[in-house]
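Structure, as structure tokens:
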Amino acid sequence: MTIARGFSLEAKYRQEEGVVFLSGIQALVRLPLDQHRADKRRGLNTATLISGYRGSPLGGLDILLERNRDLLREHHVVFISGLNEDLGATAVFGSQLANLFPRPRYDGVLGMWYGKGPGVDRSGDIFKHANFAGVGRYGGVLALAGDDPLSKSSTLPIHSEVAFYDALFPVLFPGSIQEILDLGRLGFELSRYSGLWVGFKIVTDMADGVGTAEVAPDRVVIADPGFTYDGRPWQHSQTPMLLPPFGLELEREIHYGRLEAAKAFAASHPVNRITIATPEAWLGIVAAGKTYYDLREALLELGLDDETLRRHGIRLLKIGMLFPMESGVVREFAHGLEEILVVEEKRAFVELFIRDVLYNQANHPRVVGKQDVEGRPLVPANGELDADRIAQIVASRLERRVHLDSVTARVALLEALRERPAPLTLTRLPYFCSGCPHNRSTVVPEGSMAGGGIGCHGMVLAMNRNTFGITHMGGEGVQWVGAAPFTGTPHLFQNLGDGTLFHSGSLAIRQAVAAGANVTYKILYNSAVAMTGGQDAAGAMPVPELTRALTAEGVRRVIVMTDEPEKYPRPTRWAGGVEVWHRDRLDEAQRRLRDTAGVTVLIYDQHCAAEKRRLRKRGRLADPGRRVLVNEAVCEGCGDCGQKSNCVSVQPVETEFGRKTQVHQSSCNKDYSCLDGDCPSFVTFTPRGAAATRPRRHVTVDVPLPEPVL
């Protein structure tokens with residue numbers, strides 16, 4: 001296979017025509033670049049501000065933006081990591097006001113906000129204010145919401161379209177890599193035309209998926225919808241005067257101007273499409289985003305390709321804009337149908353708007369979705385839909401009219417599943433990495449309890465460590481403020497990660513101080529937001545400065561625990577009364593803080609083990625030479641080393657003398673906690689010289705491979 005001259009890995013961002021291969025996150029990086037190119041072709045000099053807060057499934061977006069600073073600079077894209085989601089949204093709001101200041105440098109500034117579902121909830125207030133104020137004439141804002149329907153990396157399953165609807169954002173839902181680029185461009189243009197912020201729903205499979213996409217300067221063509229408002233061609237207003245009585249006039253414009261302009265824009269562009277336009281259809285099926293492609297896969301499993309769908313009288317509608325619902329395409333789709341089946345995840349949303357559009361029609365089809373016509377559950381409102389589940393749902397509606405063996409078999413399977421409970425499956429609980437500081441830091445003294453929090457340390461909730469409960473990010477410890485007056489428990493330890501502290505947790509500490517609560521915050525300072533890629537915490541301050549800030553806030557006593565007390569020289573400026581102890585004195589430190597009335601803080605300062613391992617591999621951190629082995633002939637298999645270290649690299653091994661213990665060398669992160677048991681079977685050694693490296697293998701191809709056919 002030959003590679004074109006001048007090919008670069010940046011082609012996924014730079015190539016302006018042809019086919020590119022990229023991930024969902026990379027497509028989001030490319031999106032503002034494509035918008036800038038489109039503006040440049042029409043003679044506009046625009047820039048873009050990107051801000052928000054990391055969190056899977058958008059956890060890697062900020063990393064990619066940081067790695068492509070030069071590329072962003074070429075296209076006048078500025079990336080500012082938000083301390084939290086609503087502050088990031090406020091910065092994006094400010095980008096839309098740039099044209100109102102004297103001497104603007106650009107014709108317009110676009111904005112892109114990003115955050116996962118909980119961040120959407122957190123930012124509701126600024127979303128509403130920014131949406132009322134409107135976007136710049138040549139601006140426009142896309143708000144990216146990372147949705148995690150199966151709660152793989154979130155405390156709760158969540159879907160953001162309802163929150164966007166509450167803020168009166170039009171909501172777009174791409175279902176493929178191609179649609180991230182196409183609908184994203186339309187989203188920027190929709191925002192610019194309507195004056196509204198536009199929500200952009202990205203589910204986990206879209207963010208993590210990879211695929212090809214076609215790009216071309218004329219791929220997305222923008223047309224004037226011709227919408228008029230109060231007898232004049234539409235032009236939204238923009239004002240930062242969000243005070244009475246101005247807000248009342250803006251409210252009128254949003255409902256009767258901007259949202260109607262959004263509908264007109266959708267009607268003039270390929271946002272919602274009838275993909276199978278069967279003339280004499282009896283059944284119409286509606287789906288949006290990723291669910292539409294799952295529906296198409298389900299139909300193929302049932303033996304229903306495009307031609308078979310037409311033959312059996314089935315029509316399909318693909319929704320790209322969930323809200324506001326463009327009524328024209330819905331009425332066209334519904335004409336002549338007996339039934340519309342709406343297939344969507346979570347609670348009814350599209351279904352409600354479709355029913356609302358059709359309700360006053362003299363003749364309209366019945367609409368089923370979350371319930372069938374008898375009120376029985378049909379499309380589940382919990383979990384995640386996949387093609388197999390959709391196939392069963394669709395088959396149950398088709399069996400009355402479509403006689404195919406594949407449909408009959410699916411209905412029989414569905415009945416069998418209803419009668420037989422789902423089998424239990426064994427699952428492995430998530431656990432701390434080898435050498436993770438949370439292995440030690442989350443232990444509490446006998447007789448004490450701790451509150452859980454957001455972060456890797458939240459896994460302690462599944463361990464036997466007297467830790468319970470979890471609250472939203474930034475509320476850690478405040479639940480104890482509300483519970484303390486009504487319980488005989490005198491004190492609580494509260495785990496709080498450093499990323500969460502600088503995101504919003506500092507205000508929780510201030511609340512606890514104001515309430516006079518007896519609580520010890522254990523600030524787990526591991527210098528990395530490990531759950532989302534090991535980034536530095538935005539707005540983080542060094543530990544000595546943090547102690548001064550905490551005591552200024554009214555914290556009674558601060559003890560710093562660390563595995564390396566010697567890294568702090570004598571001139572270090574600590575707050576008055578701060579003590580720095582080795583981590584081996586953790587139990588003593590916790591007991592002293594527990595016995596101190598009021599709010600106290602224990603800062604557990606130890607670098608994230610996984611990030612430390614990455615830095616060592618890259619040569620950016622010294623790699624200790626000392627290694628630990630277990631002499632299996634001496635080991636009695638008591639397991640004390642595993643109890644002391646709680647380390648997954650300390651593993652049982654079967655020998656001819658019974659079960660013993662070994663240290664798994666390739667996963668060991670050299671924390672040495674396993675040595676705390678002082679067991680005679682442990683052997684430490686330092687290898688002589690540098691580790692041997694394997695020579696790089698060069699692969700040769702004997703027969704030239706043919707060029708792939710596109």
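Each chain in the structure tokens gets a letter, A, B, ..., in the order shown, and its residues are numbered from 1; ligands are numbered from 1 in order too.
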Excluding Ala575 in chain A and any residue of its chain fewer than 4 positions from it, enumerate the residues within 9 Å of it, using only C-alpha atoms, and give them as a PDB file with N, CA, C and O atoms, in the first residue's frame.
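File selection_30.pdb, as written:
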ATOM      1  N   PRO A 544       1.655  23.749  49.737  1.00  0.00           N
ATOM      2  CA  PRO A 544       1.864  24.806  50.751  1.00  0.00           C
ATOM      3  C   PRO A 544       0.876  25.963  50.606  1.00  0.00           C
ATOM      4  O   PRO A 544       0.333  26.456  51.609  1.00  0.00           O
ATOM      5  N   GLU A 545       0.628  26.412  49.364  1.00  0.00           N
ATOM      6  CA  GLU A 545      -0.345  27.491  49.163  1.00  0.00           C
ATOM      7  C   GLU A 545      -1.742  27.041  49.564  1.00  0.00           C
ATOM      8  O   GLU A 545      -2.530  27.832  50.109  1.00  0.00           O
ATOM      9  N   LEU A 546      -2.055  25.780  49.300  1.00  0.00           N
ATOM     10  CA  LEU A 546      -3.369  25.255  49.661  1.00  0.00           C
ATOM     11  C   LEU A 546      -3.576  25.309  51.173  1.00  0.00           C
ATOM     12  O   LEU A 546      -4.668  25.651  51.646  1.00  0.00           O
ATOM     13  N   THR A 547      -2.539  24.993  51.939  1.00  0.00           N
ATOM     14  CA  THR A 547      -2.693  25.041  53.410  1.00  0.00           C
ATOM     15  C   THR A 547      -3.001  26.459  53.871  1.00  0.00           C
ATOM     16  O   THR A 547      -3.802  26.664  54.789  1.00  0.00           O
ATOM     17  N   ARG A 548      -2.373  27.438  53.227  1.00  0.00           N
ATOM     18  CA  ARG A 548      -2.634  28.828  53.621  1.00  0.00           C
ATOM     19  C   ARG A 548      -4.057  29.241  53.259  1.00  0.00           C
ATOM     20  O   ARG A 548      -4.733  29.946  54.017  1.00  0.00           O
ATOM     21  N   ALA A 549      -4.541  28.785  52.104  1.00  0.00           N
ATOM     22  CA  ALA A 549      -5.912  29.111  51.703  1.00  0.00           C
ATOM     23  C   ALA A 549      -6.924  28.466  52.641  1.00  0.00           C
ATOM     24  O   ALA A 549      -7.930  29.090  53.019  1.00  0.00           O
ATOM     25  N   LEU A 550      -6.664  27.229  53.051  1.00  0.00           N
ATOM     26  CA  LEU A 550      -7.608  26.518  53.917  1.00  0.00           C
ATOM     27  C   LEU A 550      -7.693  27.159  55.297  1.00  0.00           C
ATOM     28  O   LEU A 550      -8.791  27.338  55.848  1.00  0.00           O
ATOM     29  N   THR A 551      -6.560  27.511  55.862  1.00  0.00           N
ATOM     30  CA  THR A 551      -6.600  28.136  57.195  1.00  0.00           C
ATOM     31  C   THR A 551      -7.244  29.518  57.125  1.00  0.00           C
ATOM     32  O   THR A 551      -7.932  29.935  58.066  1.00  0.00           O
ATOM     33  N   ALA A 552      -7.057  30.195  56.004  1.00  0.00           N
ATOM     34  CA  ALA A 552      -7.718  31.494  55.838  1.00  0.00           C
ATOM     35  C   ALA A 552      -9.231  31.335  55.761  1.00  0.00           C
ATOM     36  O   ALA A 552      -9.979  32.259  56.130  1.00  0.00           O
ATOM     37  N   VAL A 558      -4.557  21.574  60.061  1.00  0.00           N
ATOM     38  CA  VAL A 558      -4.175  20.923  58.803  1.00  0.00           C
ATOM     39  C   VAL A 558      -2.937  20.076  59.046  1.00  0.00           C
ATOM     40  O   VAL A 558      -1.940  20.554  59.605  1.00  0.00           O
TER      41      VAL A 558
END
Report as an NGL selection string all protein, DNA and RNA residues lying within 9 Å of Glu339 in chain A, evaluated on only C-alpha atoms, omitting residues in the same chain fewer than 5 positions from it. :A and (282-285 or 334 or 364-368)
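Coordinates place CA of Leu317 in chain A at a distance of 13.4 Å from CA of Pro279 in chain A.
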With distances taken over only C-alpha atoms, which of A:Val78, A:Val215, A:Ala609, A:Leu242 is nearest to Ala130 in chain A? A:Leu242
Correct to one decimal, the distance CA of Ile603 in chain A-CA of Met561 in chain A is 6.0 Å
So which residues of range 443-672 of chain A fall under alpha helix (DSSP H) by DSSP, listed as a PDB file with N, CA, C and O atoms, in the first residue's frame?
ATOM      1  N   VAL A 478     -21.087  18.221  52.592  1.00  0.00           N
ATOM      2  CA  VAL A 478     -22.238  19.053  52.953  1.00  0.00           C
ATOM      3  C   VAL A 478     -23.433  18.181  53.332  1.00  0.00           C
ATOM      4  O   VAL A 478     -24.304  18.609  54.091  1.00  0.00           O
ATOM      5  N   GLN A 479     -23.466  16.937  52.832  1.00  0.00           N
ATOM      6  CA  GLN A 479     -24.524  16.036  53.280  1.00  0.00           C
ATOM      7  C   GLN A 479     -24.398  15.769  54.787  1.00  0.00           C
ATOM      8  O   GLN A 479     -25.393  15.599  55.486  1.00  0.00           O
ATOM      9  N   TRP A 480     -23.161  15.785  55.306  1.00  0.00           N
ATOM     10  CA  TRP A 480     -22.940  15.612  56.735  1.00  0.00           C
ATOM     11  C   TRP A 480     -23.407  16.848  57.500  1.00  0.00           C
ATOM     12  O   TRP A 480     -23.908  16.742  58.622  1.00  0.00           O
ATOM     13  N   VAL A 481     -23.259  18.025  56.902  1.00  0.00           N
ATOM     14  CA  VAL A 481     -23.764  19.253  57.528  1.00  0.00           C
ATOM     15  C   VAL A 481     -25.250  19.108  57.816  1.00  0.00           C
ATOM     16  O   VAL A 481     -25.744  19.540  58.875  1.00  0.00           O
ATOM     17  N   GLY A 482     -25.994  18.494  56.888  1.00  0.00           N
ATOM     18  CA  GLY A 482     -27.431  18.314  57.092  1.00  0.00           C
ATOM     19  C   GLY A 482     -27.780  17.169  58.006  1.00  0.00           C
ATOM     20  O   GLY A 482     -28.832  17.188  58.666  1.00  0.00           O
ATOM     21  N   ALA A 483     -26.926  16.149  58.071  1.00  0.00           N
ATOM     22  CA  ALA A 483     -27.237  14.976  58.896  1.00  0.00           C
ATOM     23  C   ALA A 483     -26.772  15.124  60.339  1.00  0.00           C
ATOM     24  O   ALA A 483     -27.381  14.567  61.260  1.00  0.00           O
ATOM     25  N   ASP A 498      -8.290  16.126  44.686  1.00  0.00           N
ATOM     26  CA  ASP A 498      -7.796  17.472  44.404  1.00  0.00           C
ATOM     27  C   ASP A 498      -8.467  18.066  43.171  1.00  0.00           C
ATOM     28  O   ASP A 498      -8.724  19.273  43.115  1.00  0.00           O
ATOM     29  N   GLY A 499      -8.782  17.229  42.159  1.00  0.00           N
ATOM     30  CA  GLY A 499      -9.497  17.750  40.993  1.00  0.00           C
ATOM     31  C   GLY A 499     -10.851  18.308  41.366  1.00  0.00           C
ATOM     32  O   GLY A 499     -11.246  19.392  40.920  1.00  0.00           O
ATOM     33  N   THR A 500     -11.567  17.578  42.218  1.00  0.00           N
ATOM     34  CA  THR A 500     -12.877  18.040  42.677  1.00  0.00           C
ATOM     35  C   THR A 500     -12.747  19.266  43.567  1.00  0.00           C
ATOM     36  O   THR A 500     -13.573  20.181  43.521  1.00  0.00           O
ATOM     37  N   SER A 506     -14.020  23.375  47.101  1.00  0.00           N
ATOM     38  CA  SER A 506     -13.602  24.375  48.088  1.00  0.00           C
ATOM     39  C   SER A 506     -14.805  25.064  48.716  1.00  0.00           C
ATOM     40  O   SER A 506     -14.777  25.457  49.888  1.00  0.00           O
ATOM     41  N   LEU A 507     -15.876  25.215  47.945  1.00  0.00           N
ATOM     42  CA  LEU A 507     -17.075  25.857  48.485  1.00  0.00           C
ATOM     43  C   LEU A 507     -17.769  24.946  49.500  1.00  0.00           C
ATOM     44  O   LEU A 507     -18.385  25.429  50.452  1.00  0.00           O
ATOM     45  N   ALA A 508     -17.645  23.623  49.308  1.00  0.00           N
ATOM     46  CA  ALA A 508     -18.213  22.689  50.286  1.00  0.00           C
ATOM     47  C   ALA A 508     -17.494  22.820  51.627  1.00  0.00           C
ATOM     48  O   ALA A 508     -18.121  22.775  52.698  1.00  0.00           O
ATOM     49  N   ILE A 509     -16.182  22.985  51.572  1.00  0.00           N
ATOM     50  CA  ILE A 509     -15.423  23.183  52.816  1.00  0.00           C
ATOM     51  C   ILE A 509     -15.877  24.474  53.499  1.00  0.00           C
ATOM     52  O   ILE A 509     -16.072  24.524  54.717  1.00  0.00           O
ATOM     53  N   ARG A 510     -16.079  25.503  52.705  1.00  0.00           N
ATOM     54  CA  ARG A 510     -16.536  26.776  53.272  1.00  0.00           C
ATOM     55  C   ARG A 510     -17.905  26.619  53.940  1.00  0.00           C
ATOM     56  O   ARG A 510     -18.164  27.192  54.999  1.00  0.00           O
ATOM     57  N   GLN A 511     -18.795  25.823  53.327  1.00  0.00           N
ATOM     58  CA  GLN A 511     -20.108  25.570  53.920  1.00  0.00           C
ATOM     59  C   GLN A 511     -19.977  24.837  55.247  1.00  0.00           C
ATOM     60  O   GLN A 511     -20.669  25.158  56.224  1.00  0.00           O
ATOM     61  N   ALA A 512     -19.092  23.829  55.275  1.00  0.00           N
ATOM     62  CA  ALA A 512     -18.904  23.074  56.515  1.00  0.00           C
ATOM     63  C   ALA A 512     -18.358  23.968  57.622  1.00  0.00           C
ATOM     64  O   ALA A 512     -18.758  23.857  58.788  1.00  0.00           O
ATOM     65  N   VAL A 513     -17.440  24.880  57.265  1.00  0.00           N
ATOM     66  CA  VAL A 513     -16.907  25.830  58.254  1.00  0.00           C
ATOM     67  C   VAL A 513     -18.017  26.745  58.748  1.00  0.00           C
ATOM     68  O   VAL A 513     -18.160  27.001  59.954  1.00  0.00           O
ATOM     69  N   ALA A 514     -18.828  27.241  57.833  1.00  0.00           N
ATOM     70  CA  ALA A 514     -19.912  28.153  58.213  1.00  0.00           C
ATOM     71  C   ALA A 514     -20.914  27.481  59.135  1.00  0.00           C
ATOM     72  O   ALA A 514     -21.490  28.131  60.018  1.00  0.00           O
ATOM     73  N   ALA A 515     -21.126  26.171  58.945  1.00  0.00           N
ATOM     74  CA  ALA A 515     -22.092  25.445  59.770  1.00  0.00           C
ATOM     75  C   ALA A 515     -21.489  24.943  61.074  1.00  0.00           C
ATOM     76  O   ALA A 515     -22.219  24.421  61.922  1.00  0.00           O
ATOM     77  N   VAL A 543       0.656  22.420  47.311  1.00  0.00           N
ATOM     78  CA  VAL A 543       0.180  22.053  48.650  1.00  0.00           C
ATOM     79  C   VAL A 543       0.454  23.150  49.681  1.00  0.00           C
ATOM     80  O   VAL A 543      -0.436  23.483  50.476  1.00  0.00           O
ATOM     81  N   PRO A 544       1.655  23.749  49.737  1.00  0.00           N
ATOM     82  CA  PRO A 544       1.864  24.806  50.751  1.00  0.00           C
ATOM     83  C   PRO A 544       0.876  25.963  50.606  1.00  0.00           C
ATOM     84  O   PRO A 544       0.333  26.456  51.609  1.00  0.00           O
ATOM     85  N   GLU A 545       0.628  26.412  49.364  1.00  0.00           N
ATOM     86  CA  GLU A 545      -0.345  27.491  49.163  1.00  0.00           C
ATOM     87  C   GLU A 545      -1.742  27.041  49.564  1.00  0.00           C
ATOM     88  O   GLU A 545      -2.530  27.832  50.109  1.00  0.00           O
ATOM     89  N   LEU A 546      -2.055  25.780  49.300  1.00  0.00           N
ATOM     90  CA  LEU A 546      -3.369  25.255  49.661  1.00  0.00           C
ATOM     91  C   LEU A 546      -3.576  25.309  51.173  1.00  0.00           C
ATOM     92  O   LEU A 546      -4.668  25.651  51.646  1.00  0.00           O
ATOM     93  N   THR A 547      -2.539  24.993  51.939  1.00  0.00           N
ATOM     94  CA  THR A 547      -2.693  25.041  53.410  1.00  0.00           C
ATOM     95  C   THR A 547      -3.001  26.459  53.871  1.00  0.00           C
ATOM     96  O   THR A 547      -3.802  26.664  54.789  1.00  0.00           O
ATOM     97  N   ARG A 548      -2.373  27.438  53.227  1.00  0.00           N
ATOM     98  CA  ARG A 548      -2.634  28.828  53.621  1.00  0.00           C
ATOM     99  C   ARG A 548      -4.057  29.241  53.259  1.00  0.00           C
ATOM    100  O   ARG A 548      -4.733  29.946  54.017  1.00  0.00           O
ATOM    101  N   ALA A 549      -4.541  28.785  52.104  1.00  0.00           N
ATOM    102  CA  ALA A 549      -5.912  29.111  51.703  1.00  0.00           C
ATOM    103  C   ALA A 549      -6.924  28.466  52.641  1.00  0.00           C
ATOM    104  O   ALA A 549      -7.930  29.090  53.019  1.00  0.00           O
ATOM    105  N   LEU A 550      -6.664  27.229  53.051  1.00  0.00           N
ATOM    106  CA  LEU A 550      -7.608  26.518  53.917  1.00  0.00           C
ATOM    107  C   LEU A 550      -7.693  27.159  55.297  1.00  0.00           C
ATOM    108  O   LEU A 550      -8.791  27.338  55.848  1.00  0.00           O
ATOM    109  N   THR A 551      -6.560  27.511  55.862  1.00  0.00           N
ATOM    110  CA  THR A 551      -6.600  28.136  57.195  1.00  0.00           C
ATOM    111  C   THR A 551      -7.244  29.518  57.125  1.00  0.00           C
ATOM    112  O   THR A 551      -7.932  29.935  58.066  1.00  0.00           O
ATOM    113  N   ALA A 552      -7.057  30.195  56.004  1.00  0.00           N
ATOM    114  CA  ALA A 552      -7.718  31.494  55.838  1.00  0.00           C
ATOM    115  C   ALA A 552      -9.231  31.335  55.761  1.00  0.00           C
ATOM    116  O   ALA A 552      -9.979  32.259  56.130  1.00  0.00           O
ATOM    117  N   GLU A 553      -9.689  30.180  55.297  1.00  0.00           N
ATOM    118  CA  GLU A 553     -11.127  29.914  55.203  1.00  0.00           C
ATOM    119  C   GLU A 553     -11.736  29.531  56.554  1.00  0.00           C
ATOM    120  O   GLU A 553     -12.954  29.452  56.675  1.00  0.00           O
ATOM    121  N   LEU A 586      -0.472   7.748  59.289  1.00  0.00           N
ATOM    122  CA  LEU A 586      -1.827   8.120  58.876  1.00  0.00           C
ATOM    123  C   LEU A 586      -2.843   7.900  59.990  1.00  0.00           C
ATOM    124  O   LEU A 586      -3.672   8.782  60.260  1.00  0.00           O
ATOM    125  N   ASP A 587      -2.821   6.750  60.630  1.00  0.00           N
ATOM    126  CA  ASP A 587      -3.828   6.461  61.661  1.00  0.00           C
ATOM    127  C   ASP A 587      -3.723   7.466  62.807  1.00  0.00           C
ATOM    128  O   ASP A 587      -4.740   7.985  63.290  1.00  0.00           O
ATOM    129  N   GLU A 588      -2.498   7.772  63.232  1.00  0.00           N
ATOM    130  CA  GLU A 588      -2.300   8.748  64.313  1.00  0.00           C
ATOM    131  C   GLU A 588      -2.825  10.120  63.901  1.00  0.00           C
ATOM    132  O   GLU A 588      -3.509  10.802  64.679  1.00  0.00           O
ATOM    133  N   ALA A 589      -2.529  10.533  62.673  1.00  0.00           N
ATOM    134  CA  ALA A 589      -2.975  11.849  62.202  1.00  0.00           C
ATOM    135  C   ALA A 589      -4.496  11.932  62.175  1.00  0.00           C
ATOM    136  O   ALA A 589      -5.091  12.944  62.586  1.00  0.00           O
ATOM    137  N   GLN A 590      -5.140  10.883  61.700  1.00  0.00           N
ATOM    138  CA  GLN A 590      -6.602  10.900  61.612  1.00  0.00           C
ATOM    139  C   GLN A 590      -7.235  10.957  62.993  1.00  0.00           C
ATOM    140  O   GLN A 590      -8.249  11.643  63.192  1.00  0.00           O
ATOM    141  N   ARG A 591      -6.667  10.254  63.934  1.00  0.00           N
ATOM    142  CA  ARG A 591      -7.229  10.273  65.290  1.00  0.00           C
ATOM    143  C   ARG A 591      -7.113  11.666  65.913  1.00  0.00           C
ATOM    144  O   ARG A 591      -8.027  12.133  66.593  1.00  0.00           O
ATOM    145  N   ARG A 592      -5.996  12.335  65.685  1.00  0.00           N
ATOM    146  CA  ARG A 592      -5.828  13.679  66.245  1.00  0.00           C
ATOM    147  C   ARG A 592      -6.805  14.668  65.607  1.00  0.00           C
ATOM    148  O   ARG A 592      -7.382  15.517  66.295  1.00  0.00           O
ATOM    149  N   LEU A 593      -6.961  14.561  64.303  1.00  0.00           N
ATOM    150  CA  LEU A 593      -7.895  15.465  63.625  1.00  0.00           C
ATOM    151  C   LEU A 593      -9.334  15.167  64.024  1.00  0.00           C
ATOM    152  O   LEU A 593     -10.157  16.088  64.157  1.00  0.00           O
ATOM    153  N   ARG A 594      -9.635  13.900  64.205  1.00  0.00           N
ATOM    154  CA  ARG A 594     -10.984  13.517  64.623  1.00  0.00           C
ATOM    155  C   ARG A 594     -11.329  14.105  65.986  1.00  0.00           C
ATOM    156  O   ARG A 594     -12.489  14.473  66.243  1.00  0.00           O
ATOM    157  N   ALA A 609      -0.424   6.758  40.943  1.00  0.00           N
ATOM    158  CA  ALA A 609       0.487   5.681  40.546  1.00  0.00           C
ATOM    159  C   ALA A 609       0.471   5.449  39.040  1.00  0.00           C
ATOM    160  O   ALA A 609       1.515   5.238  38.420  1.00  0.00           O
ATOM    161  N   ALA A 610      -0.712   5.487  38.444  1.00  0.00           N
ATOM    162  CA  ALA A 610      -0.796   5.246  37.004  1.00  0.00           C
ATOM    163  C   ALA A 610      -0.095   6.362  36.232  1.00  0.00           C
ATOM    164  O   ALA A 610       0.624   6.105  35.260  1.00  0.00           O
ATOM    165  N   GLU A 611      -0.285   7.609  36.669  1.00  0.00           N
ATOM    166  CA  GLU A 611       0.370   8.721  35.985  1.00  0.00           C
ATOM    167  C   GLU A 611       1.872   8.694  36.243  1.00  0.00           C
ATOM    168  O   GLU A 611       2.679   9.011  35.360  1.00  0.00           O
ATOM    169  N   LYS A 612       2.258   8.294  37.442  1.00  0.00           N
ATOM    170  CA  LYS A 612       3.684   8.176  37.754  1.00  0.00           C
ATOM    171  C   LYS A 612       4.346   7.137  36.847  1.00  0.00           C
ATOM    172  O   LYS A 612       5.458   7.335  36.352  1.00  0.00           O
ATOM    173  N   ARG A 613       3.633   6.052  36.589  1.00  0.00           N
ATOM    174  CA  ARG A 613       4.155   5.007  35.702  1.00  0.00           C
ATOM    175  C   ARG A 613       4.345   5.559  34.285  1.00  0.00           C
ATOM    176  O   ARG A 613       5.353   5.300  33.629  1.00  0.00           O
ATOM    177  N   ARG A 614       3.360   6.343  33.803  1.00  0.00           N
ATOM    178  CA  ARG A 614       3.472   6.928  32.463  1.00  0.00           C
ATOM    179  C   ARG A 614       4.671   7.876  32.386  1.00  0.00           C
ATOM    180  O   ARG A 614       5.424   7.870  31.411  1.00  0.00           O
ATOM    181  N   LEU A 615       4.839   8.706  33.408  1.00  0.00           N
ATOM    182  CA  LEU A 615       5.947   9.663  33.402  1.00  0.00           C
ATOM    183  C   LEU A 615       7.290   8.947  33.441  1.00  0.00           C
ATOM    184  O   LEU A 615       8.262   9.394  32.803  1.00  0.00           O
ATOM    185  N   ARG A 616       7.381   7.847  34.165  1.00  0.00           N
ATOM    186  CA  ARG A 616       8.628   7.082  34.206  1.00  0.00           C
ATOM    187  C   ARG A 616       8.955   6.491  32.839  1.00  0.00           C
ATOM    188  O   ARG A 616      10.103   6.512  32.391  1.00  0.00           O
ATOM    189  N   LYS A 617       7.935   5.974  32.158  1.00  0.00           N
ATOM    190  CA  LYS A 617       8.162   5.392  30.840  1.00  0.00           C
ATOM    191  C   LYS A 617       8.629   6.436  29.843  1.00  0.00           C
ATOM    192  O   LYS A 617       9.371   6.127  28.903  1.00  0.00           O
ATOM    193  N   ASP A 640      -0.773 -11.522  54.594  1.00  0.00           N
ATOM    194  CA  ASP A 640      -0.660 -10.269  55.343  1.00  0.00           C
ATOM    195  C   ASP A 640      -0.155  -9.131  54.456  1.00  0.00           C
ATOM    196  O   ASP A 640      -0.584  -7.985  54.606  1.00  0.00           O
ATOM    197  N   CYS A 641       0.736  -9.444  53.517  1.00  0.00           N
ATOM    198  CA  CYS A 641       1.269  -8.392  52.645  1.00  0.00           C
ATOM    199  C   CYS A 641       0.160  -7.795  51.784  1.00  0.00           C
ATOM    200  O   CYS A 641       0.137  -6.589  51.530  1.00  0.00           O
ATOM    201  N   GLY A 642      -0.766  -8.630  51.337  1.00  0.00           N
ATOM    202  CA  GLY A 642      -1.896  -8.131  50.568  1.00  0.00           C
ATOM    203  C   GLY A 642      -2.828  -7.297  51.413  1.00  0.00           C
ATOM    204  O   GLY A 642      -3.385  -6.293  50.943  1.00  0.00           O
ATOM    205  N   GLN A 643      -3.004  -7.694  52.680  1.00  0.00           N
ATOM    206  CA  GLN A 643      -3.841  -6.913  53.586  1.00  0.00           C
ATOM    207  C   GLN A 643      -3.218  -5.553  53.864  1.00  0.00           C
ATOM    208  O   GLN A 643      -3.910  -4.525  53.879  1.00  0.00           O
ATOM    209  N   LYS A 644      -1.904  -5.524  54.063  1.00  0.00           N
ATOM    210  CA  LYS A 644      -1.225  -4.269  54.387  1.00  0.00           C
ATOM    211  C   LYS A 644      -1.239  -3.306  53.194  1.00  0.00           C
ATOM    212  O   LYS A 644      -1.420  -2.098  53.353  1.00  0.00           O
ATOM    213  N   SER A 645      -1.013  -3.840  51.980  1.00  0.00           N
ATOM    214  CA  SER A 645      -0.843  -2.967  50.817  1.00  0.00           C
ATOM    215  C   SER A 645      -2.120  -2.766  50.021  1.00  0.00           C
ATOM    216  O   SER A 645      -2.257  -1.788  49.281  1.00  0.00           O
TER     217      SER A 645
END
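Remark: for His503 in chain A, the closest of the candidate residues A:Phe188, A:Ala537, A:Thr228, A:Gly576 is A:Ala537 (distances computed over only C-alpha atoms).
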Set the distance at 12 Å and use only C-alpha atoms: which residues neighbour Asp125 in chain A once local chain neighbours fewer than 3 positions away are removed? I'd like the list as a ChimeraX atom specification. /A:85-87,89-90,93,119-122,128-132,163-164,166-168
Among range 226-427 of chain A, which residues carry a DSSP assignment of strand (DSSP E), reported as a PyMOL selection string? chain A and resi 228-229+232-233+273-276+283-288+314-319+321-323+339-343+366-368
Just want the 8 Å neighbourhood of range 37-54 of chain A, counted on only C-alpha atoms, with same-chain residues fewer than 3 positions away dropped. Output as a PyMOL selection string. chain A and resi 32-34+58-62+75-89+91-92+95+106-116+119+138-139+217+532
